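First comes the structure, then the notes that go with it.
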Amino acid sequence: MAAITMSNIVKQYGDGFPAVNDVSIDVADGEFMILVGPSGCGKSTLLRMIVGLEDITDGDMMIGDRRVNDLPPRERNLAMVFQNYALYPHLTVYENIAFPLRLAKTPDEEVDKLVREASATLELDEHLERKPGNLSGGQRQRVAMGRAIVRQADAFLFDEPLSNLDAKLRGQMRTEISRLQKRLGITTVYVTHDQTEAMTLGDRVAVLKRGVLQQLATPRELYENPGNLFVAGFIGSPPMNFLPATVEGTTVDLPFGKVEIPADKAERAAGKGLLIAGIRPEHFEDASLAAEDGRTGSTFRATVDVVEWLGNETYAYLPFESPDEVTGQLQQLEKDLDGESLRTQLVVSLDGASRIAEGEEAEIWVDGRRVHLFDPSTGENLTVDRERAGRIPGAEATTG
Amino acid sequence: MRNKIGIVVGCVLIMIWCLLPVAWIISLSFKSEAAITNGSPGFFPAEGGFAGWDNYQAVWDNEQFRRAIFNSIGISLIATVLSVVVATLAAYAIARLEFRGKKAVLSLSLAIAMFPVVSLVGPLFDMWRAIGLYDTWPGLIIPYMSFTLPLAIWTLSAFFREIPWEMEQAAQVDGATSWQAFRKVIVPLAAPGVFTAAILTFFFAWNDFVFGISLTSTENARPIPASLSFFVGSDPFNRPASLLAAGAVIATIPIIVIVLIFQRKIVAGLTSGAVKG
């Protein structure tokens, strides 16, 4: 077991395009680190550089206290689970799991002991003599994990291991991976584009965009204190709402109405002109229900376009017009997130008990304390709580 | 129902079309020499014209024929093994590596495959006599290899391209050197391709007549197709058709054996289950 330290890692392809640009991430011994981002953000490239399947253009890759930049994969002692599992179809499940041990010339008795241990852990005992071709997707996934855990690797690397499974199995395997990692206590780097996996599995999460590290923090820190527009939009489902806003004193002027925000936040955003306000859907509520609970905050009235009732909660959609100054920025953001914005609308998550109906004008309560304000030109979160935001590259220089 | 009858009738017609010459040569091989000379038009031997295994016995007892069979088996097997080994390595490089002149190698090998065999016989005859390869096994193995390699390389590189690259990377991460990954993972997966290439190469070498007759002069290296054409019985004006037929039947047996052995290895879909499909 070992820590993995990446310092200023750069990957440049032949045409000069930097797929990974100056990324520094330290994965502590035994830590579960997630690399997350939309497709093409360089997360898989970074993982393949750790394991040695991609050359490193610049920077230092340390595993434990060894610099491994120039070592071939077999000398790095890492175990990897591939997105498509990459099982050896001509070998039985037993021999698939035993493959790394056979290469290491382990004596037969020990191979048998280790393989049976691994198969017991992953509940593969009754499948040991079968060929991978006869297994289901979930079983293949477990064989791939068996091949990884059977040897005493320094770290596990996962490359989107669950993306080929159906939704139900994905949930089960996610818990299984988490449990396994906790039990073995082994350093793990896990690549995914799925923010649910990122939030649930990771001790810490590194968010990447176009080869650049955006923020490195715990899931809670990312959710509550996103460093910039991109992170704010990427983490959370349904995503954070972005609205044009101007600040006057402690009041934020939104398309729907005015919202009171705490003084310290207002102070940091003062005098910046037109801003983008970010509010998560769950920080809205049906005003009548919020009043019953005695929650304080601002309310506004708006026409509800569509209502989706899910039982425990209700999503309501409120269209609004946004000024041209921020539209460009929001469209670019949507593109970065692999999405396509059809219209500017506010998504609010209400309690399932809410009786708001489609086409009605409803009174909505908003939690002013949870409003984030972003600079439209840089995307920087002006109201971020730096103590609780992990590491935001680029912002370090200004704050020390 | 009508459709099914059509298929059956069609199949029977094609079978007759393909297999009639084969059946006829088997029929010939069981007729006595005298019966053929006197004219024996029927498929089954006429009364008294049945030779039993005599023709086979006679052919097999012929020293010249036995040498030719031995030459053919030896030369074809060696050419096949060498060609498949070289083609496997070359095809792997072509499928996996990026190197300058890759296109050139591929188009050159295709050009060689398209080159008419006959046009090379003259120069080869001259060269082989000068170097001392004339009428030797290597003298035939080398041209067989060079004519079968292109096809083998093309077949095998298609197979290698089908194998997901992750297989090899997984092996490397699991601790294999490039050579171990190739030998333990890639080659077993490409086995159907390797056997396909082997069969094609063996066929070419076994059936070749032009090189066999031009580049040999004695039993030293003369293969079976060439040898059969030199097969003359006691009477030079009366070719022993029944003996030739028996010889031809014997000459097809190794091909049938090889196909039966290799056919079991060519199992399509061997790679299924490697990756989520």
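So you can find residues: chains in the structure tokens are A, B, ... in the order shown, residues in each start at 1, and ligands are numbered from 1 in order.
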Check: which chain A residues lie within 6 Å of chain B using only C-alpha atoms, as an MDAnalysis selection string: chainID A and resid 73:74 84:89 100 132:133
Take the residues just selected and output them with N, CA and C atoms as a CSV table (one decimal), in the first residue's frame.
```
chain,number,residue,atom,x,y,z
A,73,PRO,N,4.2,-0.6,-16.8
A,73,PRO,CA,3.1,-1.0,-16.0
A,73,PRO,C,3.4,-2.1,-15.0
A,74,ARG,N,4.1,-3.1,-15.5
A,74,ARG,CA,4.3,-4.3,-14.6
A,74,ARG,C,5.2,-4.1,-13.4
A,84,ASN,N,-14.3,-2.1,-19.8
A,84,ASN,CA,-15.0,-3.2,-20.4
A,84,ASN,C,-14.5,-4.5,-19.8
A,85,TYR,N,-13.9,-4.4,-18.6
A,85,TYR,CA,-13.4,-5.6,-17.8
A,85,TYR,C,-12.2,-6.2,-18.3
A,86,ALA,N,-12.1,-6.4,-19.7
A,86,ALA,CA,-10.9,-7.0,-20.3
A,86,ALA,C,-10.5,-8.3,-19.6
A,87,LEU,N,-11.5,-9.2,-19.5
A,87,LEU,CA,-11.2,-10.5,-19.0
A,87,LEU,C,-10.6,-11.4,-20.1
A,88,TYR,N,-9.8,-12.4,-19.7
A,88,TYR,CA,-9.2,-13.3,-20.7
A,88,TYR,C,-10.2,-14.4,-21.1
A,89,PRO,N,-10.8,-14.3,-22.3
A,89,PRO,CA,-11.9,-15.2,-22.6
A,89,PRO,C,-11.5,-16.7,-22.7
A,100,PRO,N,-2.4,-12.8,-12.6
A,100,PRO,CA,-1.3,-12.1,-12.1
A,100,PRO,C,-0.3,-12.9,-11.2
A,132,PRO,N,-15.5,-16.7,-19.0
A,132,PRO,CA,-16.1,-15.4,-18.8
A,132,PRO,C,-17.3,-15.2,-19.8
A,133,GLY,N,-17.2,-15.8,-21.0
A,133,GLY,CA,-18.3,-15.7,-22.0
A,133,GLY,C,-19.7,-16.1,-21.4
```
Residues within 9 Å of segment 190-198 of chain B, only C-alpha atoms, excluding chain neighbours under 5 positions, as number ranges by chain: B: 80-81, 83-85, 87-88, 148-149, 151-153, 155-160, 162-163, 185, 203, 262-263, 265-268, 270-271
Atom CA of Met145 of chain A to atom CA of Phe158 of chain A, straight-line distance in Å: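 A separation of 9.2 Å between them.
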Helix (DSSP H, G or I) residues, from DSSP on the backbone, in segment 153-204 of chain A, as a PyMOL selection string: chain A and resi 167-184+195-201
Output the selection as a PDB file, in the first residue's frame - N, CA and C atoms for each residue.
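Listed below is the output, out-v2.pdb:
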```pdb
ATOM      1  N   ALA A 167     -28.961   0.026 -14.201  1.00  0.00           N
ATOM      2  CA  ALA A 167     -29.049   0.952 -13.068  1.00  0.00           C
ATOM      3  C   ALA A 167     -29.085   0.227 -11.717  1.00  0.00           C
ATOM      4  N   LYS A 168     -29.847  -0.848 -11.632  1.00  0.00           N
ATOM      5  CA  LYS A 168     -30.011  -1.521 -10.347  1.00  0.00           C
ATOM      6  C   LYS A 168     -28.693  -2.158  -9.891  1.00  0.00           C
ATOM      7  N   LEU A 169     -28.065  -2.871 -10.842  1.00  0.00           N
ATOM      8  CA  LEU A 169     -26.811  -3.543 -10.546  1.00  0.00           C
ATOM      9  C   LEU A 169     -25.731  -2.522 -10.201  1.00  0.00           C
ATOM     10  N   ARG A 170     -25.806  -1.372 -10.885  1.00  0.00           N
ATOM     11  CA  ARG A 170     -24.816  -0.332 -10.641  1.00  0.00           C
ATOM     12  C   ARG A 170     -24.870   0.110  -9.183  1.00  0.00           C
ATOM     13  N   GLY A 171     -26.079   0.267  -8.670  1.00  0.00           N
ATOM     14  CA  GLY A 171     -26.238   0.664  -7.278  1.00  0.00           C
ATOM     15  C   GLY A 171     -25.645  -0.368  -6.338  1.00  0.00           C
ATOM     16  N   GLN A 172     -25.936  -1.650  -6.618  1.00  0.00           N
ATOM     17  CA  GLN A 172     -25.426  -2.720  -5.755  1.00  0.00           C
ATOM     18  C   GLN A 172     -23.906  -2.780  -5.790  1.00  0.00           C
ATOM     19  N   MET A 173     -23.337  -2.736  -7.006  1.00  0.00           N
ATOM     20  CA  MET A 173     -21.885  -2.848  -7.132  1.00  0.00           C
ATOM     21  C   MET A 173     -21.180  -1.656  -6.492  1.00  0.00           C
ATOM     22  N   ARG A 174     -21.859  -0.495  -6.548  1.00  0.00           N
ATOM     23  CA  ARG A 174     -21.276   0.698  -5.953  1.00  0.00           C
ATOM     24  C   ARG A 174     -21.078   0.473  -4.459  1.00  0.00           C
ATOM     25  N   THR A 175     -22.095  -0.026  -3.812  1.00  0.00           N
ATOM     26  CA  THR A 175     -21.990  -0.316  -2.383  1.00  0.00           C
ATOM     27  C   THR A 175     -20.918  -1.364  -2.142  1.00  0.00           C
ATOM     28  N   GLU A 176     -20.891  -2.369  -3.034  1.00  0.00           N
ATOM     29  CA  GLU A 176     -19.941  -3.470  -2.895  1.00  0.00           C
ATOM     30  C   GLU A 176     -18.499  -2.954  -2.978  1.00  0.00           C
ATOM     31  N   ILE A 177     -18.248  -2.089  -3.954  1.00  0.00           N
ATOM     32  CA  ILE A 177     -16.895  -1.538  -4.122  1.00  0.00           C
ATOM     33  C   ILE A 177     -16.511  -0.742  -2.887  1.00  0.00           C
ATOM     34  N   SER A 178     -17.470   0.061  -2.400  1.00  0.00           N
ATOM     35  CA  SER A 178     -17.199   0.886  -1.234  1.00  0.00           C
ATOM     36  C   SER A 178     -16.844   0.004  -0.031  1.00  0.00           C
ATOM     37  N   ARG A 179     -17.628  -1.059   0.173  1.00  0.00           N
ATOM     38  CA  ARG A 179     -17.411  -1.957   1.305  1.00  0.00           C
ATOM     39  C   ARG A 179     -16.043  -2.642   1.201  1.00  0.00           C
ATOM     40  N   LEU A 180     -15.742  -3.109  -0.027  1.00  0.00           N
ATOM     41  CA  LEU A 180     -14.484  -3.806  -0.271  1.00  0.00           C
ATOM     42  C   LEU A 180     -13.298  -2.895   0.017  1.00  0.00           C
ATOM     43  N   GLN A 181     -13.412  -1.649  -0.446  1.00  0.00           N
ATOM     44  CA  GLN A 181     -12.305  -0.716  -0.278  1.00  0.00           C
ATOM     45  C   GLN A 181     -12.090  -0.403   1.196  1.00  0.00           C
ATOM     46  N   LYS A 182     -13.197  -0.223   1.921  1.00  0.00           N
ATOM     47  CA  LYS A 182     -13.091   0.061   3.356  1.00  0.00           C
ATOM     48  C   LYS A 182     -12.425  -1.120   4.061  1.00  0.00           C
ATOM     49  N   ARG A 183     -12.813  -2.346   3.667  1.00  0.00           N
ATOM     50  CA  ARG A 183     -12.311  -3.527   4.347  1.00  0.00           C
ATOM     51  C   ARG A 183     -10.826  -3.737   4.075  1.00  0.00           C
ATOM     52  N   LEU A 184     -10.437  -3.571   2.806  1.00  0.00           N
ATOM     53  CA  LEU A 184      -9.041  -3.806   2.454  1.00  0.00           C
ATOM     54  C   LEU A 184      -8.180  -2.598   2.796  1.00  0.00           C
ATOM     55  N   GLN A 195     -21.822  11.753 -11.349  1.00  0.00           N
ATOM     56  CA  GLN A 195     -21.593  12.502 -10.112  1.00  0.00           C
ATOM     57  C   GLN A 195     -22.170  11.794  -8.894  1.00  0.00           C
ATOM     58  N   THR A 196     -23.153  10.897  -9.095  1.00  0.00           N
ATOM     59  CA  THR A 196     -23.666  10.134  -7.952  1.00  0.00           C
ATOM     60  C   THR A 196     -22.578   9.216  -7.406  1.00  0.00           C
ATOM     61  N   GLU A 197     -21.889   8.501  -8.321  1.00  0.00           N
ATOM     62  CA  GLU A 197     -20.790   7.643  -7.883  1.00  0.00           C
ATOM     63  C   GLU A 197     -19.721   8.468  -7.186  1.00  0.00           C
ATOM     64  N   ALA A 198     -19.435   9.631  -7.759  1.00  0.00           N
ATOM     65  CA  ALA A 198     -18.396  10.478  -7.189  1.00  0.00           C
ATOM     66  C   ALA A 198     -18.752  10.881  -5.766  1.00  0.00           C
ATOM     67  N   MET A 199     -20.013  11.285  -5.572  1.00  0.00           N
ATOM     68  CA  MET A 199     -20.430  11.765  -4.260  1.00  0.00           C
ATOM     69  C   MET A 199     -20.465  10.637  -3.234  1.00  0.00           C
ATOM     70  N   THR A 200     -20.959   9.438  -3.640  1.00  0.00           N
ATOM     71  CA  THR A 200     -21.178   8.383  -2.663  1.00  0.00           C
ATOM     72  C   THR A 200     -19.916   7.617  -2.325  1.00  0.00           C
ATOM     73  N   LEU A 201     -18.997   7.461  -3.273  1.00  0.00           N
ATOM     74  CA  LEU A 201     -17.852   6.584  -3.035  1.00  0.00           C
ATOM     75  C   LEU A 201     -16.656   7.303  -2.437  1.00  0.00           C
TER      76      LEU A 201
END
```
Contacts of Asp70 of chain A at 12 Å (only C-alpha atoms; same-chain gap of 5+ positions) as an MDAnalysis selection string: chainID A and resid 49:62 75:76
Those of segment 207-365 of chain A in DSSP strand (DSSP E or B), formatted as a VMD selection string: chain A and resid 207 to 209 212 to 217 228 241 to 248 251 to 253 258 to 260 274 to 279 284 to 286 298 to 303 306 to 309 313 to 319 345 to 351 361 to 365
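The shell of residues at most 8 Å from Ala245 of chain A, with only C-alpha atoms counted and near chain neighbours (fewer than 2 positions) removed, consists of Leu243, Val247, Val252, Asp253, Leu254, Pro255, Leu274, Leu275, Ile276 and Ala277 of chain A.
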10 Å contact set for Ile141 of chain B, only C-alpha atoms, chain neighbours under 5 positions out, as a list in words: Gly74, Ile75, Ser76, Leu77, Ile78, Ala79, Thr80, Leu82, Ser83, Thr136, Ser146 and Ala205 of chain B
Quick one: write out the picked residues with N, CA and C atoms as a PDB file, in the first residue's frame?
```pdb
ATOM      1  N   GLY B  74       6.520 -33.144 -45.851  1.00  0.00           N
ATOM      2  CA  GLY B  74       7.594 -32.407 -45.179  1.00  0.00           C
ATOM      3  C   GLY B  74       7.645 -30.957 -45.624  1.00  0.00           C
ATOM      4  N   ILE B  75       7.682 -30.778 -46.941  1.00  0.00           N
ATOM      5  CA  ILE B  75       7.825 -29.410 -47.462  1.00  0.00           C
ATOM      6  C   ILE B  75       6.624 -28.554 -47.059  1.00  0.00           C
ATOM      7  N   SER B  76       5.404 -29.106 -47.211  1.00  0.00           N
ATOM      8  CA  SER B  76       4.209 -28.319 -46.907  1.00  0.00           C
ATOM      9  C   SER B  76       4.145 -27.962 -45.425  1.00  0.00           C
ATOM     10  N   LEU B  77       4.478 -28.938 -44.565  1.00  0.00           N
ATOM     11  CA  LEU B  77       4.398 -28.652 -43.128  1.00  0.00           C
ATOM     12  C   LEU B  77       5.415 -27.590 -42.726  1.00  0.00           C
ATOM     13  N   ILE B  78       6.650 -27.749 -43.191  1.00  0.00           N
ATOM     14  CA  ILE B  78       7.675 -26.769 -42.809  1.00  0.00           C
ATOM     15  C   ILE B  78       7.295 -25.390 -43.324  1.00  0.00           C
ATOM     16  N   ALA B  79       6.851 -25.322 -44.590  1.00  0.00           N
ATOM     17  CA  ALA B  79       6.462 -24.030 -45.157  1.00  0.00           C
ATOM     18  C   ALA B  79       5.313 -23.419 -44.357  1.00  0.00           C
ATOM     19  N   THR B  80       4.356 -24.259 -43.940  1.00  0.00           N
ATOM     20  CA  THR B  80       3.205 -23.751 -43.183  1.00  0.00           C
ATOM     21  C   THR B  80       3.642 -23.200 -41.833  1.00  0.00           C
ATOM     22  N   LEU B  82       6.635 -22.211 -40.776  1.00  0.00           N
ATOM     23  CA  LEU B  82       7.452 -20.997 -40.893  1.00  0.00           C
ATOM     24  C   LEU B  82       6.589 -19.804 -41.292  1.00  0.00           C
ATOM     25  N   SER B  83       5.727 -20.018 -42.267  1.00  0.00           N
ATOM     26  CA  SER B  83       4.914 -18.925 -42.772  1.00  0.00           C
ATOM     27  C   SER B  83       3.981 -18.396 -41.684  1.00  0.00           C
ATOM     28  N   THR B 136      16.072 -29.107 -54.036  1.00  0.00           N
ATOM     29  CA  THR B 136      16.190 -29.334 -52.585  1.00  0.00           C
ATOM     30  C   THR B 136      14.883 -28.891 -51.925  1.00  0.00           C
ATOM     31  N   SER B 146       6.994 -17.318 -49.503  1.00  0.00           N
ATOM     32  CA  SER B 146       6.828 -15.942 -49.949  1.00  0.00           C
ATOM     33  C   SER B 146       5.485 -15.734 -50.636  1.00  0.00           C
ATOM     34  N   ALA B 205       0.714 -24.910 -50.561  1.00  0.00           N
ATOM     35  CA  ALA B 205       1.936 -25.689 -50.724  1.00  0.00           C
ATOM     36  C   ALA B 205       1.626 -27.088 -51.258  1.00  0.00           C
TER      37      ALA B 205
END
```
Point-to-point distance from atom CA of Ile4 of chain A to atom CA of Ala28 of chain A, Å rounded to tenths: 6.7 Å
Pick from B:Gly42, B:Gly49, B:Gly132, B:Pro150, whichever lies nearest to Thr201 of chain B using only C-alpha atoms: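 Looking only at the distances to Thr201 of chain B, the closest residue turns out to be B:Pro150.
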Pairwise distance for atom CA of Lys113 of chain A and atom CA of Gln152 of chain A, rounded to one decimal in Å: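 According to the coordinates, atom CA of Lys113 of chain A and atom CA of Gln152 of chain A are separated by 13.6 Å.
Among the candidate residues A:Ala291, A:Leu318, A:Ala357, A:Ile149, the one lying nearest to Ala98 of chain A is A:Ile149, with distances computed using only C-alpha atoms.
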Spatial neighbours of Ala144 of chain A, max dist 9 Å, only C-alpha atoms, sep filter under 4 positions, as a list in words: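 So, after excluding close chain neighbours, the residues are Met80, Val81, Phe82, Tyr85, Ala86, Leu87, Asn96, Ile97, Gln139, Arg140 and Ala148 of chain A.
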Would you export the selected residues with N, CA and C atoms as an mmCIF file, in the first residue's frame, please?
```cif
data_model
loop_
_atom_site.group_PDB
_atom_site.id
_atom_site.type_symbol
_atom_site.label_atom_id
_atom_site.label_comp_id
_atom_site.auth_asym_id
_atom_site.auth_seq_id
_atom_site.Cartn_x
_atom_site.Cartn_y
_atom_site.Cartn_z
ATOM 1 N N MET A 80 -5.702 -2.813 -11.816
ATOM 2 C CA MET A 80 -6.649 -1.941 -12.504
ATOM 3 C C MET A 80 -7.863 -2.728 -12.961
ATOM 4 N N VAL A 81 -9.027 -2.113 -12.833
ATOM 5 C CA VAL A 81 -10.259 -2.687 -13.381
ATOM 6 C C VAL A 81 -10.664 -1.826 -14.569
ATOM 7 N N PHE A 82 -10.766 -2.458 -15.743
ATOM 8 C CA PHE A 82 -11.045 -1.698 -16.952
ATOM 9 C C PHE A 82 -12.545 -1.503 -17.147
ATOM 10 N N TYR A 85 -13.909 -4.447 -18.593
ATOM 11 C CA TYR A 85 -13.449 -5.591 -17.784
ATOM 12 C C TYR A 85 -12.187 -6.249 -18.332
ATOM 13 N N ALA A 86 -12.059 -6.381 -19.677
ATOM 14 C CA ALA A 86 -10.860 -6.982 -20.267
ATOM 15 C C ALA A 86 -10.501 -8.310 -19.613
ATOM 16 N N LEU A 87 -11.479 -9.207 -19.510
ATOM 17 C CA LEU A 87 -11.186 -10.549 -18.998
ATOM 18 C C LEU A 87 -10.563 -11.374 -20.115
ATOM 19 N N ASN A 96 -8.388 -16.680 -14.692
ATOM 20 C CA ASN A 96 -8.415 -15.233 -14.869
ATOM 21 C C ASN A 96 -7.937 -14.543 -13.602
ATOM 22 N N ILE A 97 -8.483 -14.993 -12.464
ATOM 23 C CA ILE A 97 -8.106 -14.379 -11.197
ATOM 24 C C ILE A 97 -6.654 -14.721 -10.864
ATOM 25 N N GLN A 139 -21.362 -10.480 -12.935
ATOM 26 C CA GLN A 139 -20.372 -11.499 -12.573
ATOM 27 C C GLN A 139 -19.020 -11.192 -13.209
ATOM 28 N N ARG A 140 -19.057 -10.745 -14.467
ATOM 29 C CA ARG A 140 -17.790 -10.391 -15.125
ATOM 30 C C ARG A 140 -17.093 -9.271 -14.372
ATOM 31 N N ALA A 148 -8.062 -8.019 -9.561
ATOM 32 C CA ALA A 148 -7.352 -6.885 -8.966
ATOM 33 C C ALA A 148 -6.983 -7.150 -7.510
#
```
